[in-house]
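Below is one structure, written out as structure tokens; comments come after it.
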Amino acid sequence: MGKTVLIAGKDSPEGSKIADGFAFTGRQVVLTSAEPETDFSERKTITERRAEQAAYDEAKSLEAKSGMCTYEWNRSSPISARALILQTENMFSQMNEAVLYFDEEHFASSEKQIDSEQISRTLDDMVSGFQYLAMEVLARFEKKNNSGAPGTLAFLLKECPCSLDVIKNPMLRNGITSIASPLVAAAAASFVSFAENIAAIYGDAPYVNIILVRGDKSMETVSTDESLGKWLGNYMEAAESLSSKLTAKKSVQWIKPGAKPPASGFNLNFLRGNK
């Protein structure tokens, strides 16, 4: 049985391409989807709810036969983060890897308003959701580390220009490139800081390899999510096959998409400096 990777952050169907890229590397894939709107106007009996759950479970089992499955994720709920991991394990018997994907360009194209309601939504969708899930993944890897093989937690950031960048370079406002609002840009900065500090704290833990990846669509590997998924899947495979796990000192370095997979000498193409 191949490895199972949980990809969270760019929900289905938009995230299907990066899921396809990981599937190409021989993995079973679980991809997140947004929770549907709940209709509280219609009360259902226990029998009706059980029938709906049975139909849902059957549909997921059929979906998983392809090696790929989607599960709903309520980003504002730590309970939902835990349930997402358990659903992954129940369906594929294991969760070997997790990828937290912050696609800044995707968020920038859909989140342009700046008001109190949007602030609250941004905190849930782009900040706390990733943090809840990261901590649940780490806790699960620690609990399940009975084989001696560490799991892998990857933080993946696909960057785009923000309003400050446009002031410095007006040519960025070309009608093609999405411009991140202050809320999206702040959330991306939070993602970066959280990822770096998690890598610093947990990088030496025996039960997890932490990988940080950061780039933008000007890079060939980032031109499509599918190519990005293929590269990252192969990169993670190489890191997991090393004779010794990654250390905190190596984990805190941001890697450019397209970098050569690590070998025994671990000569990587690191991305240094800030955005």
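Just so we're on the same page: first chain in the structure tokens is A, next is B, and so on; residues restart at 1 for each chain, and ligands are numbered from 1 in the order they show up.
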For the interface of range 69-139 of chain A with range 9-25 of chain A (cut-off 12 Å, counting only C-alpha atoms), please tabulate each contacting residue of range 69-139 of chain A alongside its nearest pair of atoms and their separation in Å to one decimal, rows sorted by chain and increasing number, as a Markdown table.
| residue | atom | partner | partner_atom | distance |
| --- | --- | --- | --- | --- |
| A:Cys69 | CA | A:Ala19 | CA | 9.7 |
| A:Thr70 | CA | A:Ser12 | CA | 7.3 |
| A:Tyr71 | CA | A:Ser12 | CA | 9.1 |
| A:Glu72 | CA | A:Asp11 | CA | 8.8 |
| A:Trp73 | CA | A:Asp11 | CA | 8.7 |
| A:Asn74 | CA | A:Gly9 | CA | 11.0 |
| A:Arg75 | CA | A:Gly9 | CA | 9.1 |
| A:Ala81 | CA | A:Gly9 | CA | 11.7 |
| A:Glu97 | CA | A:Phe22 | CA | 11.1 |
| A:Ala98 | CA | A:Gly9 | CA | 10.8 |
| A:Val99 | CA | A:Gly9 | CA | 8.4 |
| A:Leu100 | CA | A:Gly9 | CA | 5.8 |
| A:Tyr101 | CA | A:Gly9 | CA | 4.8 |
| A:Phe102 | CA | A:Gly9 | CA | 5.9 |
| A:Asp103 | CA | A:Lys10 | CA | 6.9 |
| A:Glu104 | CA | A:Lys10 | CA | 10.0 |
| A:Glu105 | CA | A:Lys10 | CA | 11.0 |
| A:His106 | CA | A:Lys10 | CA | 8.2 |
| A:Phe107 | CA | A:Lys10 | CA | 9.1 |
| A:Asp124 | CA | A:Gly9 | CA | 11.6 |
| A:Asp125 | CA | A:Gly9 | CA | 8.4 |
| A:Met126 | CA | A:Gly9 | CA | 8.1 |
| A:Val127 | CA | A:Gly9 | CA | 10.5 |
| A:Ser128 | CA | A:Gly9 | CA | 11.6 |
| A:Gly129 | CA | A:Gly9 | CA | 8.6 |
| A:Phe130 | CA | A:Gly9 | CA | 7.5 |
| A:Gln131 | CA | A:Gly9 | CA | 11.2 |
| A:Leu133 | CA | A:Gly9 | CA | 10.0 |
| A:Ala134 | CA | A:Gly9 | CA | 11.4 |
All strand (DSSP E) positions in range 5-197 of chain A, as an mmCIF file with all heavy atoms, in the first residue's frame:
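Heads up, here's the output in part.cif:
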data_model
loop_
_atom_site.group_PDB
_atom_site.id
_atom_site.type_symbol
_atom_site.label_atom_id
_atom_site.label_comp_id
_atom_site.auth_asym_id
_atom_site.auth_seq_id
_atom_site.Cartn_x
_atom_site.Cartn_y
_atom_site.Cartn_z
ATOM 1 N N VAL A 5 -1.447 10.946 1.765
ATOM 2 C CA VAL A 5 -1.178 12.344 2.059
ATOM 3 C C VAL A 5 -2.494 13.097 2.192
ATOM 4 O O VAL A 5 -3.422 12.909 1.407
ATOM 5 C CB VAL A 5 -0.291 12.990 0.958
ATOM 6 C CG1 VAL A 5 -0.945 12.899 -0.419
ATOM 7 C CG2 VAL A 5 0.034 14.446 1.311
ATOM 8 N N LEU A 6 -2.580 13.923 3.217
ATOM 9 C CA LEU A 6 -3.702 14.832 3.418
ATOM 10 C C LEU A 6 -3.287 16.204 2.922
ATOM 11 O O LEU A 6 -2.285 16.763 3.386
ATOM 12 C CB LEU A 6 -4.068 14.887 4.901
ATOM 13 C CG LEU A 6 -5.034 16.002 5.348
ATOM 14 C CD1 LEU A 6 -6.399 15.848 4.670
ATOM 15 C CD2 LEU A 6 -5.179 16.014 6.864
ATOM 16 N N ILE A 7 -4.045 16.757 1.965
ATOM 17 C CA ILE A 7 -3.753 18.086 1.411
ATOM 18 C C ILE A 7 -4.861 19.033 1.842
ATOM 19 O O ILE A 7 -6.036 18.824 1.515
ATOM 20 C CB ILE A 7 -3.664 18.051 -0.124
ATOM 21 C CG1 ILE A 7 -2.623 17.026 -0.576
ATOM 22 C CG2 ILE A 7 -3.305 19.430 -0.669
ATOM 23 C CD1 ILE A 7 -2.592 16.814 -2.079
ATOM 24 N N ALA A 8 -4.501 20.071 2.564
ATOM 25 C CA ALA A 8 -5.500 20.987 3.118
ATOM 26 C C ALA A 8 -5.134 22.432 2.806
ATOM 27 O O ALA A 8 -3.962 22.806 2.833
ATOM 28 C CB ALA A 8 -5.612 20.800 4.633
ATOM 29 N N GLY A 9 -6.139 23.219 2.498
ATOM 30 C CA GLY A 9 -5.919 24.651 2.296
ATOM 31 C C GLY A 9 -6.515 25.180 1.019
ATOM 32 O O GLY A 9 -7.021 26.298 0.964
ATOM 33 N N LYS A 10 -6.461 24.388 -0.039
ATOM 34 C CA LYS A 10 -7.088 24.763 -1.294
ATOM 35 C C LYS A 10 -8.132 23.696 -1.581
ATOM 36 O O LYS A 10 -7.832 22.611 -2.072
ATOM 37 C CB LYS A 10 -6.065 24.849 -2.435
ATOM 38 C CG LYS A 10 -6.610 25.523 -3.702
ATOM 39 C CD LYS A 10 -5.479 25.790 -4.691
ATOM 40 C CE LYS A 10 -5.986 26.532 -5.923
ATOM 41 N NZ LYS A 10 -4.894 26.805 -6.892
ATOM 42 N N ASP A 11 -9.369 24.024 -1.225
ATOM 43 C CA ASP A 11 -10.430 23.025 -1.218
ATOM 44 C C ASP A 11 -10.799 22.553 -2.615
ATOM 45 O O ASP A 11 -10.576 23.233 -3.610
ATOM 46 C CB ASP A 11 -11.683 23.599 -0.534
ATOM 47 C CG ASP A 11 -11.468 23.848 0.954
ATOM 48 O OD1 ASP A 11 -10.580 23.213 1.536
ATOM 49 O OD2 ASP A 11 -12.205 24.676 1.527
ATOM 50 N N SER A 12 -11.389 21.362 -2.650
ATOM 51 C CA SER A 12 -11.963 20.826 -3.891
ATOM 52 C C SER A 12 -13.116 21.739 -4.321
ATOM 53 O O SER A 12 -13.858 22.245 -3.487
ATOM 54 C CB SER A 12 -12.485 19.418 -3.623
ATOM 55 O OG SER A 12 -13.118 18.890 -4.750
ATOM 56 N N GLN A 28 -2.026 7.754 -2.112
ATOM 57 C CA GLN A 28 -3.450 7.932 -1.884
ATOM 58 C C GLN A 28 -3.639 9.333 -1.328
ATOM 59 O O GLN A 28 -2.838 9.789 -0.494
ATOM 60 C CB GLN A 28 -3.959 6.876 -0.898
ATOM 61 C CG GLN A 28 -3.776 5.468 -1.423
ATOM 62 C CD GLN A 28 -3.981 4.416 -0.360
ATOM 63 O OE1 GLN A 28 -4.658 3.430 -0.598
ATOM 64 N NE2 GLN A 28 -3.381 4.599 0.811
ATOM 65 N N VAL A 29 -4.656 10.031 -1.779
ATOM 66 C CA VAL A 29 -4.791 11.454 -1.474
ATOM 67 C C VAL A 29 -6.144 11.740 -0.834
ATOM 68 O O VAL A 29 -7.185 11.280 -1.314
ATOM 69 C CB VAL A 29 -4.652 12.305 -2.755
ATOM 70 C CG1 VAL A 29 -4.807 13.786 -2.425
ATOM 71 C CG2 VAL A 29 -3.306 12.040 -3.430
ATOM 72 N N VAL A 30 -6.112 12.510 0.246
ATOM 73 C CA VAL A 30 -7.330 13.085 0.817
ATOM 74 C C VAL A 30 -7.232 14.592 0.644
ATOM 75 O O VAL A 30 -6.237 15.212 1.036
ATOM 76 C CB VAL A 30 -7.502 12.714 2.302
ATOM 77 C CG1 VAL A 30 -8.645 13.519 2.924
ATOM 78 C CG2 VAL A 30 -7.783 11.230 2.449
ATOM 79 N N LEU A 31 -8.251 15.171 0.047
ATOM 80 C CA LEU A 31 -8.306 16.609 -0.222
ATOM 81 C C LEU A 31 -9.472 17.211 0.543
ATOM 82 O O LEU A 31 -10.540 16.591 0.642
ATOM 83 C CB LEU A 31 -8.478 16.855 -1.724
ATOM 84 C CG LEU A 31 -8.542 18.304 -2.213
ATOM 85 C CD1 LEU A 31 -7.207 19.012 -1.970
ATOM 86 C CD2 LEU A 31 -8.900 18.350 -3.703
ATOM 87 N N THR A 32 -9.277 18.396 1.085
ATOM 88 C CA THR A 32 -10.351 19.042 1.832
ATOM 89 C C THR A 32 -11.392 19.651 0.895
ATOM 90 O O THR A 32 -11.109 19.996 -0.253
ATOM 91 C CB THR A 32 -9.803 20.149 2.740
ATOM 92 O OG1 THR A 32 -9.062 21.098 1.950
ATOM 93 C CG2 THR A 32 -8.904 19.570 3.811
ATOM 94 N N SER A 33 -12.598 19.783 1.430
ATOM 95 C CA SER A 33 -13.664 20.509 0.744
ATOM 96 C C SER A 33 -14.366 21.380 1.776
ATOM 97 O O SER A 33 -14.331 21.091 2.983
ATOM 98 C CB SER A 33 -14.666 19.556 0.078
ATOM 99 O OG SER A 33 -15.330 18.775 1.057
ATOM 100 N N MET A 68 -8.333 8.491 -4.258
ATOM 101 C CA MET A 68 -8.479 9.883 -3.869
ATOM 102 C C MET A 68 -9.848 10.097 -3.248
ATOM 103 O O MET A 68 -10.841 9.530 -3.699
ATOM 104 C CB MET A 68 -8.308 10.808 -5.090
ATOM 105 C CG MET A 68 -8.148 12.278 -4.748
ATOM 106 S SD MET A 68 -7.910 13.295 -6.237
ATOM 107 C CE MET A 68 -6.436 12.545 -6.939
ATOM 108 N N CYS A 69 -9.904 10.909 -2.184
ATOM 109 C CA CYS A 69 -11.165 11.141 -1.496
ATOM 110 C C CYS A 69 -11.189 12.571 -0.950
ATOM 111 O O CYS A 69 -10.135 13.136 -0.628
ATOM 112 C CB CYS A 69 -11.326 10.131 -0.354
ATOM 113 S SG CYS A 69 -12.989 10.066 0.353
ATOM 114 N N THR A 70 -12.369 13.163 -0.863
ATOM 115 C CA THR A 70 -12.514 14.501 -0.305
ATOM 116 C C THR A 70 -13.330 14.441 0.980
ATOM 117 O O THR A 70 -14.280 13.668 1.083
ATOM 118 C CB THR A 70 -13.211 15.460 -1.289
ATOM 119 O OG1 THR A 70 -14.516 14.950 -1.610
ATOM 120 C CG2 THR A 70 -12.397 15.615 -2.562
ATOM 121 N N TYR A 71 -12.937 15.271 1.953
ATOM 122 C CA TYR A 71 -13.677 15.375 3.205
ATOM 123 C C TYR A 71 -13.854 16.841 3.574
ATOM 124 O O TYR A 71 -12.965 17.668 3.339
ATOM 125 C CB TYR A 71 -12.952 14.647 4.339
ATOM 126 C CG TYR A 71 -13.164 13.152 4.321
ATOM 127 C CD1 TYR A 71 -12.103 12.293 4.028
ATOM 128 C CD2 TYR A 71 -14.411 12.604 4.585
ATOM 129 C CE1 TYR A 71 -12.286 10.921 4.006
ATOM 130 C CE2 TYR A 71 -14.596 11.223 4.555
ATOM 131 C CZ TYR A 71 -13.545 10.399 4.274
ATOM 132 O OH TYR A 71 -13.739 9.036 4.239
ATOM 133 N N GLU A 72 -14.989 17.133 4.156
ATOM 134 C CA GLU A 72 -15.303 18.512 4.532
ATOM 135 C C GLU A 72 -14.434 18.957 5.704
ATOM 136 O O GLU A 72 -14.141 18.176 6.610
ATOM 137 C CB GLU A 72 -16.785 18.617 4.895
ATOM 138 C CG GLU A 72 -17.714 18.349 3.717
ATOM 139 C CD GLU A 72 -19.134 18.032 4.140
ATOM 140 O OE1 GLU A 72 -19.432 18.141 5.348
ATOM 141 O OE2 GLU A 72 -19.945 17.649 3.276
ATOM 142 N N GLU A 97 1.547 11.662 5.588
ATOM 143 C CA GLU A 97 2.005 13.015 5.254
ATOM 144 C C GLU A 97 0.826 13.996 5.285
ATOM 145 O O GLU A 97 -0.315 13.602 5.069
ATOM 146 C CB GLU A 97 2.613 13.032 3.854
ATOM 147 C CG GLU A 97 3.729 12.029 3.633
ATOM 148 C CD GLU A 97 4.011 11.776 2.165
ATOM 149 O OE1 GLU A 97 3.075 11.932 1.336
ATOM 150 O OE2 GLU A 97 5.159 11.430 1.839
ATOM 151 N N ALA A 98 1.143 15.242 5.553
ATOM 152 C CA ALA A 98 0.140 16.307 5.464
ATOM 153 C C ALA A 98 0.780 17.523 4.811
ATOM 154 O O ALA A 98 1.922 17.880 5.128
ATOM 155 C CB ALA A 98 -0.407 16.671 6.844
ATOM 156 N N VAL A 99 0.052 18.140 3.891
ATOM 157 C CA VAL A 99 0.522 19.344 3.208
ATOM 158 C C VAL A 99 -0.476 20.461 3.488
ATOM 159 O O VAL A 99 -1.664 20.348 3.160
ATOM 160 C CB VAL A 99 0.646 19.122 1.687
ATOM 161 C CG1 VAL A 99 1.048 20.423 0.989
ATOM 162 C CG2 VAL A 99 1.651 18.019 1.386
ATOM 163 N N LEU A 100 -0.009 21.532 4.112
ATOM 164 C CA LEU A 100 -0.836 22.706 4.344
ATOM 165 C C LEU A 100 -0.498 23.718 3.247
ATOM 166 O O LEU A 100 0.617 24.244 3.208
ATOM 167 C CB LEU A 100 -0.565 23.296 5.729
ATOM 168 C CG LEU A 100 -0.711 22.324 6.909
ATOM 169 C CD1 LEU A 100 -0.581 23.070 8.231
ATOM 170 C CD2 LEU A 100 -2.037 21.576 6.843
ATOM 171 N N TYR A 101 -1.456 23.960 2.371
ATOM 172 C CA TYR A 101 -1.216 24.729 1.147
ATOM 173 C C TYR A 101 -1.883 26.095 1.244
ATOM 174 O O TYR A 101 -3.104 26.201 1.207
ATOM 175 C CB TYR A 101 -1.763 23.940 -0.045
ATOM 176 C CG TYR A 101 -1.511 24.559 -1.412
ATOM 177 C CD1 TYR A 101 -0.570 25.552 -1.612
ATOM 178 C CD2 TYR A 101 -2.226 24.114 -2.519
ATOM 179 C CE1 TYR A 101 -0.337 26.097 -2.856
ATOM 180 C CE2 TYR A 101 -2.010 24.654 -3.788
ATOM 181 C CZ TYR A 101 -1.064 25.642 -3.944
ATOM 182 O OH TYR A 101 -0.848 26.190 -5.184
ATOM 183 N N PHE A 102 -1.061 27.137 1.372
ATOM 184 C CA PHE A 102 -1.556 28.514 1.373
ATOM 185 C C PHE A 102 -1.316 29.095 -0.017
ATOM 186 O O PHE A 102 -0.209 29.509 -0.351
ATOM 187 C CB PHE A 102 -0.829 29.347 2.428
ATOM 188 C CG PHE A 102 -1.479 30.686 2.709
ATOM 189 C CD1 PHE A 102 -2.141 30.909 3.895
ATOM 190 C CD2 PHE A 102 -1.426 31.707 1.777
ATOM 191 C CE1 PHE A 102 -2.747 32.130 4.156
ATOM 192 C CE2 PHE A 102 -2.030 32.933 2.029
ATOM 193 C CZ PHE A 102 -2.684 33.142 3.230
ATOM 194 N N ASP A 103 -2.363 29.108 -0.832
ATOM 195 C CA ASP A 103 -2.280 29.672 -2.175
ATOM 196 C C ASP A 103 -2.723 31.130 -2.088
ATOM 197 O O ASP A 103 -3.904 31.457 -2.172
ATOM 198 C CB ASP A 103 -3.167 28.887 -3.142
ATOM 199 C CG ASP A 103 -2.977 29.313 -4.597
ATOM 200 O OD1 ASP A 103 -2.489 30.442 -4.814
ATOM 201 O OD2 ASP A 103 -3.315 28.529 -5.494
ATOM 202 N N GLY A 151 6.480 10.888 10.262
ATOM 203 C CA GLY A 151 5.592 11.438 9.256
ATOM 204 C C GLY A 151 6.194 12.710 8.685
ATOM 205 O O GLY A 151 7.247 13.176 9.141
ATOM 206 N N THR A 152 5.535 13.283 7.683
ATOM 207 C CA THR A 152 6.015 14.523 7.067
ATOM 208 C C THR A 152 4.919 15.572 7.081
ATOM 209 O O THR A 152 3.789 15.307 6.668
ATOM 210 C CB THR A 152 6.471 14.291 5.614
ATOM 211 O OG1 THR A 152 7.581 13.392 5.609
ATOM 212 C CG2 THR A 152 6.900 15.603 4.958
ATOM 213 N N LEU A 153 5.255 16.753 7.561
ATOM 214 C CA LEU A 153 4.361 17.904 7.545
ATOM 215 C C LEU A 153 5.011 18.974 6.682
ATOM 216 O O LEU A 153 6.094 19.469 7.008
ATOM 217 C CB LEU A 153 4.129 18.430 8.960
ATOM 218 C CG LEU A 153 3.355 19.744 9.085
ATOM 219 C CD1 LEU A 153 1.953 19.628 8.476
ATOM 220 C CD2 LEU A 153 3.268 20.176 10.545
ATOM 221 N N ALA A 154 4.359 19.320 5.562
ATOM 222 C CA ALA A 154 4.897 20.333 4.651
ATOM 223 C C ALA A 154 4.028 21.580 4.681
ATOM 224 O O ALA A 154 2.801 21.491 4.611
ATOM 225 C CB ALA A 154 4.967 19.779 3.233
ATOM 226 N N PHE A 155 4.661 22.730 4.791
ATOM 227 C CA PHE A 155 3.993 24.026 4.662
ATOM 228 C C PHE A 155 4.337 24.559 3.275
ATOM 229 O O PHE A 155 5.513 24.786 2.965
ATOM 230 C CB PHE A 155 4.478 24.996 5.731
ATOM 231 C CG PHE A 155 4.043 24.654 7.133
ATOM 232 C CD1 PHE A 155 4.799 23.765 7.901
ATOM 233 C CD2 PHE A 155 2.901 25.215 7.687
ATOM 234 C CE1 PHE A 155 4.417 23.446 9.199
ATOM 235 C CE2 PHE A 155 2.511 24.896 8.984
ATOM 236 C CZ PHE A 155 3.264 24.011 9.740
ATOM 237 N N LEU A 156 3.324 24.761 2.454
ATOM 238 C CA LEU A 156 3.522 25.180 1.065
ATOM 239 C C LEU A 156 2.873 26.537 0.835
ATOM 240 O O LEU A 156 1.664 26.691 1.018
ATOM 241 C CB LEU A 156 2.909 24.132 0.133
ATOM 242 C CG LEU A 156 2.852 24.448 -1.364
ATOM 243 C CD1 LEU A 156 4.245 24.687 -1.929
ATOM 244 C CD2 LEU A 156 2.149 23.314 -2.115
ATOM 245 N N LEU A 157 3.674 27.528 0.464
ATOM 246 C CA LEU A 157 3.175 28.879 0.210
ATOM 247 C C LEU A 157 3.402 29.250 -1.250
ATOM 248 O O LEU A 157 4.538 29.259 -1.734
ATOM 249 C CB LEU A 157 3.905 29.891 1.110
ATOM 250 C CG LEU A 157 3.621 31.367 0.833
ATOM 251 C CD1 LEU A 157 2.147 31.704 1.075
ATOM 252 C CD2 LEU A 157 4.522 32.267 1.675
ATOM 253 N N LYS A 158 2.299 29.564 -1.922
ATOM 254 C CA LYS A 158 2.367 30.080 -3.297
ATOM 255 C C LYS A 158 2.052 31.570 -3.221
ATOM 256 O O LYS A 158 0.928 31.976 -2.953
ATOM 257 C CB LYS A 158 1.357 29.358 -4.184
ATOM 258 C CG LYS A 158 1.374 29.792 -5.637
ATOM 259 C CD LYS A 158 0.348 28.990 -6.426
ATOM 260 C CE LYS A 158 0.288 29.398 -7.883
ATOM 261 N NZ LYS A 158 -0.742 28.608 -8.620
ATOM 262 N N GLU A 159 3.062 32.384 -3.459
ATOM 263 C CA GLU A 159 2.962 33.826 -3.211
ATOM 264 C C GLU A 159 2.414 34.606 -4.406
ATOM 265 O O GLU A 159 2.482 34.147 -5.550
ATOM 266 C CB GLU A 159 4.343 34.381 -2.859
ATOM 267 C CG GLU A 159 4.954 33.782 -1.616
ATOM 268 C CD GLU A 159 6.364 34.289 -1.361
ATOM 269 O OE1 GLU A 159 7.261 33.929 -2.137
ATOM 270 O OE2 GLU A 159 6.549 35.048 -0.398
#
Margin query: So that I can check the surroundings of Pro150 in chain A, please list as a PyMOL selection string every protein, DNA and RNA residue that reaches within 9 Å of it, counting only C-alpha atoms and ignoring chain neighbours fewer than 3 positions away.
Written below: chain A and resi 96+141-142+145+147+205-209+240+245
Practice prompt. Determine which residues of range 224-269 of chain A receive a DSSP assignment of alpha helix (DSSP H), computed from the backbone, and state them as a PyMOL selection string.
Written response: chain A and resi 225-240+248-251
Of the candidates A:Lys250, A:Thr122, A:Ser110, A:Gly258, which shows the shortest atom-to-atom distance to Leu183 in chain A, using only C-alpha atoms?
->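 Smallest separation from Leu183 in chain A among the options: A:Thr122.
The space between CA of Ser109 in chain A and CA of Ala180 in chain A spans 7.6 Å.
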Computed interatomic separation between CA of Gln94 in chain A and CA of Ser66 in chain A (Å) =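 Computed distance, CA of Gln94 in chain A to CA of Ser66 in chain A, equals 16.3 Å.
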Computed gap from CA of Pro161 in chain A to CA of Lys230 in chain A is 24.9 Å
